[in-house]
Amino acid sequence: QVQLVESGGGLVQAGGSLRLSCAASGSIFSIDARGWYRQAPGKQRELVARISRSGNTIYLDSVLGRFTISRDNAKNTVHLQMNSLKPEDTAVYYCHFARSIVPREVWGQGTLVTVSS
């Protein structure tokens, strides 16, 4: 069973940077897109950034220009470079792979990002 393992979360001051990484623990095929979601306390999970198989990206409006998603197809990894962090970016960040075959979705366990003011 493939698992996604995130790393790179932590505590940072406002204006600082963090880089999140996500790697698949085993071989995984037929990936349509890789993405990062986040969930803040008391809020619904939301899509932060997504990169398709072809390399097209989409971002949450509030992170445009600050966050950058990238991937390494050969290593089945995805990264999220987060700059100019704000307290409102505080959340648990989840890695997500969307696939064209079952299981259609694979989620990581989440990594906590805390931005202090």
# chains A, B, ... in the order shown; residues from 1 in each chain; ligands from 1

call {"tool": "residues_around", "arguments": {"residues": "A:Ser116", "least_positions_apart": "4", "cutoff": "8 Å", "atoms": "only C-alpha atoms", "output": "list in words"}}
result
Leu11, Val12, Gln13, Ala14, Lys86 and Pro87 of chain A

call {"tool": "write_last_selection", "arguments": {"atoms": "C-alpha atoms", "output": "PDB file, in the first residue's frame"}}
result
ATOM      1  CA  LEU A  11       7.203  26.974  13.585  1.00  0.00           C
ATOM      2  CA  VAL A  12       8.279  30.113  11.769  1.00  0.00           C
ATOM      3  CA  GLN A  13       7.888  33.846  12.313  1.00  0.00           C
ATOM      4  CA  ALA A  14       5.738  35.929  10.025  1.00  0.00           C
ATOM      5  CA  LYS A  86       1.548  35.002   7.414  1.00  0.00           C
ATOM      6  CA  PRO A  87      -0.168  33.942  10.650  1.00  0.00           C
TER       7      PRO A  87
END

call {"tool": "residues_around", "arguments": {"residues": "A:Gly15", "least_positions_apart": "3", "cutoff": "8 Å", "atoms": "only C-alpha atoms", "output": "list in words"}}
result
Asn83, Ser84, Leu85 and Lys86 of chain A

call {"tool": "write_last_selection", "arguments": {"atoms": "C-alpha atoms", "output": "CSV table (one decimal), in the first residue's frame"}}
result
chain,number,residue,atom,x,y,z
A,83,ASN,CA,7.6,32.4,1.4
A,84,SER,CA,6.4,35.5,3.1
A,85,LEU,CA,4.4,33.4,5.5
A,86,LYS,CA,1.5,35.0,7.4

call {"tool": "closest_atom_pairs", "arguments": {"of": "stretch 49-106 of chain A", "to": "stretch 23-29 of chain A", "cutoff": "7 Å", "atoms": "only C-alpha atoms", "output": "JSON lines"}}
result
{"residue": "A:Asn76", "atom": "CA", "partner": "A:Ala24", "partner_atom": "CA", "distance": 6.0}
{"residue": "A:Thr77", "atom": "CA", "partner": "A:Ala23", "partner_atom": "CA", "distance": 4.5}
{"residue": "A:Val78", "atom": "CA", "partner": "A:Ala23", "partner_atom": "CA", "distance": 6.8}

call {"tool": "residues_around", "arguments": {"residues": "stretch 61-67 of chain A", "least_positions_apart": "2", "cutoff": "12 Å", "atoms": "only C-alpha atoms", "output": "mmCIF file with N, CA, C and O atoms, in the first residue's frame"}}
result
data_model
loop_
_atom_site.group_PDB
_atom_site.id
_atom_site.type_symbol
_atom_site.label_atom_id
_atom_site.label_comp_id
_atom_site.auth_asym_id
_atom_site.auth_seq_id
_atom_site.Cartn_x
_atom_site.Cartn_y
_atom_site.Cartn_z
ATOM 1 N N GLY A 15 6.662 36.344 7.827
ATOM 2 C CA GLY A 15 7.664 36.809 6.883
ATOM 3 C C GLY A 15 8.704 35.770 6.529
ATOM 4 O O GLY A 15 9.472 35.960 5.575
ATOM 5 N N GLY A 16 8.728 34.696 7.273
ATOM 6 C CA GLY A 16 9.707 33.641 7.044
ATOM 7 C C GLY A 16 9.281 32.678 5.958
ATOM 8 O O GLY A 16 8.238 32.857 5.299
ATOM 9 N N SER A 17 10.095 31.646 5.785
ATOM 10 C CA SER A 17 9.864 30.661 4.724
ATOM 11 C C SER A 17 9.954 29.245 5.267
ATOM 12 O O SER A 17 10.667 28.981 6.244
ATOM 13 N N LEU A 18 9.235 28.366 4.611
ATOM 14 C CA LEU A 18 9.322 26.932 4.864
ATOM 15 C C LEU A 18 9.179 26.211 3.534
ATOM 16 O O LEU A 18 8.521 26.722 2.617
ATOM 17 N N ARG A 19 9.759 25.026 3.475
ATOM 18 C CA ARG A 19 9.614 24.191 2.282
ATOM 19 C C ARG A 19 9.067 22.838 2.717
ATOM 20 O O ARG A 19 9.710 22.131 3.502
ATOM 21 N N LEU A 20 7.891 22.517 2.218
ATOM 22 C CA LEU A 20 7.280 21.225 2.507
ATOM 23 C C LEU A 20 7.632 20.247 1.400
ATOM 24 O O LEU A 20 7.681 20.619 0.210
ATOM 25 N N TRP A 36 -1.293 20.181 -2.623
ATOM 26 C CA TRP A 36 -1.230 20.451 -1.185
ATOM 27 C C TRP A 36 -2.541 21.089 -0.754
ATOM 28 O O TRP A 36 -3.009 22.039 -1.390
ATOM 29 N N TYR A 37 -3.087 20.558 0.303
ATOM 30 C CA TYR A 37 -4.276 21.110 0.947
ATOM 31 C C TYR A 37 -3.886 21.546 2.348
ATOM 32 O O TYR A 37 -2.850 21.138 2.871
ATOM 33 N N ARG A 38 -4.734 22.370 2.954
ATOM 34 C CA ARG A 38 -4.504 22.730 4.346
ATOM 35 C C ARG A 38 -5.825 22.838 5.082
ATOM 36 O O ARG A 38 -6.865 23.088 4.484
ATOM 37 N N GLU A 46 -8.889 23.091 2.509
ATOM 38 C CA GLU A 46 -8.920 23.830 1.247
ATOM 39 C C GLU A 46 -7.692 23.511 0.408
ATOM 40 O O GLU A 46 -6.620 23.211 0.939
ATOM 41 N N LEU A 47 -7.865 23.601 -0.897
ATOM 42 C CA LEU A 47 -6.756 23.384 -1.806
ATOM 43 C C LEU A 47 -5.832 24.593 -1.788
ATOM 44 O O LEU A 47 -6.273 25.723 -1.983
ATOM 45 N N VAL A 48 -4.551 24.357 -1.601
ATOM 46 C CA VAL A 48 -3.566 25.430 -1.592
ATOM 47 C C VAL A 48 -2.891 25.549 -2.957
ATOM 48 O O VAL A 48 -2.764 26.636 -3.507
ATOM 49 N N ALA A 49 -2.459 24.430 -3.488
ATOM 50 C CA ALA A 49 -1.773 24.432 -4.779
ATOM 51 C C ALA A 49 -1.857 23.039 -5.381
ATOM 52 O O ALA A 49 -1.913 22.044 -4.655
ATOM 53 N N ARG A 50 -1.835 23.015 -6.715
ATOM 54 C CA ARG A 50 -1.970 21.744 -7.420
ATOM 55 C C ARG A 50 -1.169 21.828 -8.701
ATOM 56 O O ARG A 50 -1.136 22.879 -9.355
ATOM 57 N N THR A 57 -0.315 24.552 -13.156
ATOM 58 C CA THR A 57 -0.469 24.785 -11.716
ATOM 59 C C THR A 57 -1.667 25.681 -11.439
ATOM 60 O O THR A 57 -2.042 26.525 -12.255
ATOM 61 N N ILE A 58 -2.262 25.480 -10.293
ATOM 62 C CA ILE A 58 -3.282 26.380 -9.772
ATOM 63 C C ILE A 58 -2.963 26.647 -8.319
ATOM 64 O O ILE A 58 -2.373 25.794 -7.632
ATOM 65 N N TYR A 59 -3.351 27.836 -7.852
ATOM 66 C CA TYR A 59 -3.062 28.250 -6.484
ATOM 67 C C TYR A 59 -4.287 28.893 -5.857
ATOM 68 O O TYR A 59 -5.092 29.542 -6.531
ATOM 69 N N ILE A 69 4.589 25.515 -6.063
ATOM 70 C CA ILE A 69 4.539 24.053 -6.045
ATOM 71 C C ILE A 69 5.449 23.516 -7.152
ATOM 72 O O ILE A 69 5.535 24.099 -8.240
ATOM 73 N N SER A 70 6.130 22.419 -6.839
ATOM 74 C CA SER A 70 6.988 21.781 -7.838
ATOM 75 C C SER A 70 6.949 20.277 -7.629
ATOM 76 O O SER A 70 6.532 19.797 -6.570
ATOM 77 N N HIS A 79 6.700 19.271 -3.828
ATOM 78 C CA HIS A 79 7.198 20.219 -2.840
ATOM 79 C C HIS A 79 6.339 21.478 -2.852
ATOM 80 O O HIS A 79 5.719 21.810 -3.858
ATOM 81 N N LEU A 80 6.371 22.166 -1.733
ATOM 82 C CA LEU A 80 5.683 23.445 -1.641
ATOM 83 C C LEU A 80 6.627 24.428 -0.965
ATOM 84 O O LEU A 80 6.892 24.311 0.232
ATOM 85 N N GLN A 81 7.127 25.360 -1.728
ATOM 86 C CA GLN A 81 7.970 26.428 -1.187
ATOM 87 C C GLN A 81 7.049 27.554 -0.732
ATOM 88 O O GLN A 81 6.285 28.095 -1.542
ATOM 89 N N MET A 82 7.137 27.883 0.538
ATOM 90 C CA MET A 82 6.255 28.899 1.109
ATOM 91 C C MET A 82 7.087 30.064 1.609
ATOM 92 O O MET A 82 7.909 29.903 2.522
ATOM 93 N N ASN A 83 6.912 31.220 0.996
ATOM 94 C CA ASN A 83 7.641 32.427 1.371
ATOM 95 C C ASN A 83 6.673 33.470 1.920
ATOM 96 O O ASN A 83 5.456 33.373 1.710
ATOM 97 N N SER A 84 7.219 34.446 2.577
ATOM 98 C CA SER A 84 6.416 35.548 3.135
ATOM 99 C C SER A 84 5.223 35.008 3.912
ATOM 100 O O SER A 84 4.081 35.449 3.726
ATOM 101 N N LEU A 85 5.490 34.079 4.773
ATOM 102 C CA LEU A 85 4.408 33.425 5.509
ATOM 103 C C LEU A 85 3.698 34.399 6.439
ATOM 104 O O LEU A 85 4.315 35.319 6.999
ATOM 105 N N LYS A 86 2.403 34.170 6.580
ATOM 106 C CA LYS A 86 1.548 35.002 7.414
ATOM 107 C C LYS A 86 0.904 34.132 8.495
ATOM 108 O O LYS A 86 0.730 32.921 8.292
ATOM 109 N N GLU A 88 -2.081 33.739 9.155
ATOM 110 C CA GLU A 88 -3.262 33.067 8.614
ATOM 111 C C GLU A 88 -2.911 31.848 7.759
ATOM 112 O O GLU A 88 -3.811 31.111 7.328
ATOM 113 N N ASP A 89 -1.629 31.618 7.516
ATOM 114 C CA ASP A 89 -1.203 30.394 6.829
ATOM 115 C C ASP A 89 -1.074 29.220 7.802
ATOM 116 O O ASP A 89 -0.829 28.095 7.372
#

call {"tool": "atom_distance", "arguments": {"atom1": "atom CA of A:Arg71", "atom2": "atom CA of A:Ile31"}}
result
11.7 Å

call {"tool": "select_by_dssp", "arguments": {"residues": "chain A", "states": "strand (DSSP E)", "output": "NGL selection string"}}
result
:A and (4-7 or 10-13 or 18-24 or 31-39 or 46-52 or 57-59 or 67-72 or 77-82 or 91-99 or 105-107 or 111-116)

call {"tool": "atom_distance", "arguments": {"atom1": "atom CA of A:Gln3", "atom2": "atom CA of A:Val115"}}
result
27.1 Å

call {"tool": "atom_distance", "arguments": {"atom1": "atom CA of A:Cys22", "atom2": "atom CA of A:Val5"}}
result
5.4 Å

call {"tool": "closest_residue", "arguments": {"among": "A:Gly10, A:Trp107, A:Pro41, A:Arg99", "to": "A:Arg53", "atoms": "only C-alpha atoms"}}
result
A:Arg99

call {"tool": "residues_around", "arguments": {"residues": "A:Gln39", "least_positions_apart": "6", "cutoff": "8 Å", "atoms": "only C-alpha atoms", "output": "compact mmCIF listing (two decimals) with N, CA and C atoms, in the first residue's frame"}}
result
# COMPACT_ATOMS: atom_id res chain seq x y z
N ARG A 45 -11.07 21.92 5.03
CA ARG A 45 -9.85 21.72 4.28
C ARG A 45 -9.98 22.43 2.92
N GLU A 46 -8.89 23.09 2.51
CA GLU A 46 -8.92 23.83 1.25
C GLU A 46 -7.69 23.51 0.41
N ALA A 91 -1.77 26.13 9.71
CA ALA A 91 -2.70 25.03 9.42
C ALA A 91 -1.92 23.72 9.37
N VAL A 92 -2.66 22.63 9.30
CA VAL A 92 -2.05 21.35 8.96
C VAL A 92 -2.10 21.23 7.44
N TYR A 93 -0.96 20.95 6.86
CA TYR A 93 -0.85 20.85 5.41
C TYR A 93 -0.79 19.37 5.01

call {"tool": "closest_residue", "arguments": {"among": "A:Ser117, A:Lys43, A:Val102, A:Arg34", "to": "A:Gln1", "atoms": "only C-alpha atoms"}}
result
A:Val102

call {"tool": "decode", "arguments": {"residues": "stretch 70-86 of chain A", "atoms": "all heavy atoms", "output": "PDB file, in the first residue's frame"}}
result
ATOM      1  N   SER A  70       6.130  22.419  -6.839  1.00  0.00           N
ATOM      2  CA  SER A  70       6.988  21.781  -7.838  1.00  0.00           C
ATOM      3  C   SER A  70       6.949  20.277  -7.629  1.00  0.00           C
ATOM      4  O   SER A  70       6.532  19.797  -6.570  1.00  0.00           O
ATOM      5  CB  SER A  70       8.427  22.302  -7.733  1.00  0.00           C
ATOM      6  OG  SER A  70       8.967  22.014  -6.464  1.00  0.00           O
ATOM      7  N   ARG A  71       7.415  19.540  -8.629  1.00  0.00           N
ATOM      8  CA  ARG A  71       7.352  18.080  -8.526  1.00  0.00           C
ATOM      9  C   ARG A  71       8.564  17.461  -9.192  1.00  0.00           C
ATOM     10  O   ARG A  71       9.225  18.086 -10.021  1.00  0.00           O
ATOM     11  CB  ARG A  71       6.096  17.554  -9.175  1.00  0.00           C
ATOM     12  CG  ARG A  71       6.104  17.636 -10.696  1.00  0.00           C
ATOM     13  CD  ARG A  71       4.811  17.300 -11.295  1.00  0.00           C
ATOM     14  NE  ARG A  71       4.679  17.142 -12.709  1.00  0.00           N
ATOM     15  CZ  ARG A  71       5.149  17.886 -13.688  1.00  0.00           C
ATOM     16  NH1 ARG A  71       5.909  18.878 -13.413  1.00  0.00           N
ATOM     17  NH2 ARG A  71       4.866  17.624 -14.948  1.00  0.00           N
ATOM     18  N   ASP A  72       8.835  16.244  -8.813  1.00  0.00           N
ATOM     19  CA  ASP A  72       9.858  15.440  -9.456  1.00  0.00           C
ATOM     20  C   ASP A  72       9.181  14.133  -9.844  1.00  0.00           C
ATOM     21  O   ASP A  72       8.951  13.278  -8.991  1.00  0.00           O
ATOM     22  CB  ASP A  72      11.038  15.205  -8.499  1.00  0.00           C
ATOM     23  CG  ASP A  72      12.182  14.468  -9.156  1.00  0.00           C
ATOM     24  OD1 ASP A  72      11.935  13.626 -10.060  1.00  0.00           O
ATOM     25  OD2 ASP A  72      13.333  14.718  -8.781  1.00  0.00           O
ATOM     26  N   ASN A  73       8.860  13.979 -11.102  1.00  0.00           N
ATOM     27  CA  ASN A  73       8.118  12.800 -11.549  1.00  0.00           C
ATOM     28  C   ASN A  73       8.891  11.510 -11.304  1.00  0.00           C
ATOM     29  O   ASN A  73       8.324  10.493 -10.905  1.00  0.00           O
ATOM     30  CB  ASN A  73       7.755  12.919 -13.027  1.00  0.00           C
ATOM     31  CG  ASN A  73       6.657  13.922 -13.270  1.00  0.00           C
ATOM     32  OD1 ASN A  73       5.869  14.205 -12.378  1.00  0.00           O
ATOM     33  ND2 ASN A  73       6.609  14.469 -14.463  1.00  0.00           N
ATOM     34  N   ALA A  74      10.172  11.548 -11.536  1.00  0.00           N
ATOM     35  CA  ALA A  74      10.981  10.333 -11.387  1.00  0.00           C
ATOM     36  C   ALA A  74      11.013   9.845  -9.940  1.00  0.00           C
ATOM     37  O   ALA A  74      11.082   8.644  -9.681  1.00  0.00           O
ATOM     38  CB  ALA A  74      12.389  10.583 -11.887  1.00  0.00           C
ATOM     39  N   LYS A  75      10.942  10.780  -9.004  1.00  0.00           N
ATOM     40  CA  LYS A  75      11.014  10.424  -7.591  1.00  0.00           C
ATOM     41  C   LYS A  75       9.646  10.403  -6.934  1.00  0.00           C
ATOM     42  O   LYS A  75       9.543  10.137  -5.736  1.00  0.00           O
ATOM     43  CB  LYS A  75      11.926  11.402  -6.845  1.00  0.00           C
ATOM     44  CG  LYS A  75      13.367  11.384  -7.326  1.00  0.00           C
ATOM     45  CD  LYS A  75      14.203  12.373  -6.534  1.00  0.00           C
ATOM     46  CE  LYS A  75      15.656  12.360  -7.006  1.00  0.00           C
ATOM     47  NZ  LYS A  75      16.486  13.335  -6.250  1.00  0.00           N
ATOM     48  N   ASN A  76       8.591  10.705  -7.690  1.00  0.00           N
ATOM     49  CA  ASN A  76       7.240  10.746  -7.115  1.00  0.00           C
ATOM     50  C   ASN A  76       7.174  11.660  -5.899  1.00  0.00           C
ATOM     51  O   ASN A  76       6.626  11.293  -4.857  1.00  0.00           O
ATOM     52  CB  ASN A  76       6.765   9.344  -6.750  1.00  0.00           C
ATOM     53  CG  ASN A  76       6.137   8.621  -7.927  1.00  0.00           C
ATOM     54  OD1 ASN A  76       5.593   9.259  -8.823  1.00  0.00           O
ATOM     55  ND2 ASN A  76       6.213   7.320  -7.935  1.00  0.00           N
ATOM     56  N   THR A  77       7.758  12.812  -6.028  1.00  0.00           N
ATOM     57  CA  THR A  77       7.726  13.777  -4.934  1.00  0.00           C
ATOM     58  C   THR A  77       7.021  15.055  -5.380  1.00  0.00           C
ATOM     59  O   THR A  77       6.910  15.336  -6.576  1.00  0.00           O
ATOM     60  CB  THR A  77       9.141  14.136  -4.453  1.00  0.00           C
ATOM     61  OG1 THR A  77       9.879  14.654  -5.560  1.00  0.00           O
ATOM     62  CG2 THR A  77       9.855  12.923  -3.899  1.00  0.00           C
ATOM     63  N   VAL A  78       6.584  15.796  -4.398  1.00  0.00           N
ATOM     64  CA  VAL A  78       6.015  17.118  -4.646  1.00  0.00           C
ATOM     65  C   VAL A  78       6.443  18.019  -3.497  1.00  0.00           C
ATOM     66  O   VAL A  78       6.559  17.572  -2.350  1.00  0.00           O
ATOM     67  CB  VAL A  78       4.480  17.061  -4.788  1.00  0.00           C
ATOM     68  CG1 VAL A  78       3.813  16.565  -3.511  1.00  0.00           C
ATOM     69  CG2 VAL A  78       3.918  18.403  -5.219  1.00  0.00           C
ATOM     70  N   HIS A  79       6.700  19.271  -3.828  1.00  0.00           N
ATOM     71  CA  HIS A  79       7.198  20.219  -2.840  1.00  0.00           C
ATOM     72  C   HIS A  79       6.339  21.478  -2.852  1.00  0.00           C
ATOM     73  O   HIS A  79       5.719  21.810  -3.858  1.00  0.00           O
ATOM     74  CB  HIS A  79       8.650  20.579  -3.154  1.00  0.00           C
ATOM     75  CG  HIS A  79       9.536  19.401  -3.365  1.00  0.00           C
ATOM     76  ND1 HIS A  79      10.070  18.682  -2.319  1.00  0.00           N
ATOM     77  CD2 HIS A  79       9.959  18.788  -4.500  1.00  0.00           C
ATOM     78  CE1 HIS A  79      10.794  17.695  -2.800  1.00  0.00           C
ATOM     79  NE2 HIS A  79      10.743  17.724  -4.119  1.00  0.00           N
ATOM     80  N   LEU A  80       6.371  22.166  -1.733  1.00  0.00           N
ATOM     81  CA  LEU A  80       5.683  23.445  -1.641  1.00  0.00           C
ATOM     82  C   LEU A  80       6.627  24.428  -0.965  1.00  0.00           C
ATOM     83  O   LEU A  80       6.892  24.311   0.232  1.00  0.00           O
ATOM     84  CB  LEU A  80       4.376  23.327  -0.851  1.00  0.00           C
ATOM     85  CG  LEU A  80       3.507  24.579  -0.822  1.00  0.00           C
ATOM     86  CD1 LEU A  80       2.953  24.875  -2.223  1.00  0.00           C
ATOM     87  CD2 LEU A  80       2.370  24.442   0.184  1.00  0.00           C
ATOM     88  N   GLN A  81       7.127  25.360  -1.728  1.00  0.00           N
ATOM     89  CA  GLN A  81       7.970  26.428  -1.187  1.00  0.00           C
ATOM     90  C   GLN A  81       7.049  27.554  -0.732  1.00  0.00           C
ATOM     91  O   GLN A  81       6.285  28.095  -1.542  1.00  0.00           O
ATOM     92  CB  GLN A  81       8.948  26.934  -2.240  1.00  0.00           C
ATOM     93  CG  GLN A  81       9.828  28.071  -1.762  1.00  0.00           C
ATOM     94  CD  GLN A  81      10.789  27.653  -0.669  1.00  0.00           C
ATOM     95  OE1 GLN A  81      11.386  26.591  -0.737  1.00  0.00           O
ATOM     96  NE2 GLN A  81      10.938  28.494   0.349  1.00  0.00           N
ATOM     97  N   MET A  82       7.137  27.883   0.538  1.00  0.00           N
ATOM     98  CA  MET A  82       6.255  28.899   1.109  1.00  0.00           C
ATOM     99  C   MET A  82       7.087  30.064   1.609  1.00  0.00           C
ATOM    100  O   MET A  82       7.909  29.903   2.522  1.00  0.00           O
ATOM    101  CB  MET A  82       5.438  28.305   2.260  1.00  0.00           C
ATOM    102  CG  MET A  82       4.647  27.065   1.873  1.00  0.00           C
ATOM    103  SD  MET A  82       3.575  26.457   3.191  1.00  0.00           S
ATOM    104  CE  MET A  82       4.800  25.969   4.405  1.00  0.00           C
ATOM    105  N   ASN A  83       6.912  31.220   0.996  1.00  0.00           N
ATOM    106  CA  ASN A  83       7.641  32.427   1.371  1.00  0.00           C
ATOM    107  C   ASN A  83       6.673  33.470   1.920  1.00  0.00           C
ATOM    108  O   ASN A  83       5.456  33.373   1.710  1.00  0.00           O
ATOM    109  CB  ASN A  83       8.381  32.984   0.161  1.00  0.00           C
ATOM    110  CG  ASN A  83       9.415  32.026  -0.401  1.00  0.00           C
ATOM    111  OD1 ASN A  83      10.020  31.245   0.332  1.00  0.00           O
ATOM    112  ND2 ASN A  83       9.610  32.075  -1.706  1.00  0.00           N
ATOM    113  N   SER A  84       7.219  34.446   2.577  1.00  0.00           N
ATOM    114  CA  SER A  84       6.416  35.548   3.135  1.00  0.00           C
ATOM    115  C   SER A  84       5.223  35.008   3.912  1.00  0.00           C
ATOM    116  O   SER A  84       4.081  35.449   3.726  1.00  0.00           O
ATOM    117  CB  SER A  84       5.947  36.476   2.012  1.00  0.00           C
ATOM    118  OG  SER A  84       7.030  36.991   1.284  1.00  0.00           O
ATOM    119  N   LEU A  85       5.490  34.079   4.773  1.00  0.00           N
ATOM    120  CA  LEU A  85       4.408  33.425   5.509  1.00  0.00           C
ATOM    121  C   LEU A  85       3.698  34.399   6.439  1.00  0.00           C
ATOM    122  O   LEU A  85       4.315  35.319   6.999  1.00  0.00           O
ATOM    123  CB  LEU A  85       4.953  32.238   6.299  1.00  0.00           C
ATOM    124  CG  LEU A  85       5.210  30.994   5.441  1.00  0.00           C
ATOM    125  CD1 LEU A  85       6.166  30.036   6.137  1.00  0.00           C
ATOM    126  CD2 LEU A  85       3.888  30.298   5.120  1.00  0.00           C
ATOM    127  N   LYS A  86       2.403  34.170   6.580  1.00  0.00           N
ATOM    128  CA  LYS A  86       1.548  35.002   7.414  1.00  0.00           C
ATOM    129  C   LYS A  86       0.904  34.132   8.495  1.00  0.00           C
ATOM    130  O   LYS A  86       0.730  32.921   8.292  1.00  0.00           O
ATOM    131  CB  LYS A  86       0.445  35.639   6.564  1.00  0.00           C
ATOM    132  CG  LYS A  86       0.955  36.464   5.392  1.00  0.00           C
ATOM    133  CD  LYS A  86      -0.198  36.971   4.545  1.00  0.00           C
ATOM    134  CE  LYS A  86       0.311  37.779   3.355  1.00  0.00           C
ATOM    135  NZ  LYS A  86      -0.799  38.285   2.517  1.00  0.00           N
TER     136      LYS A  86
END
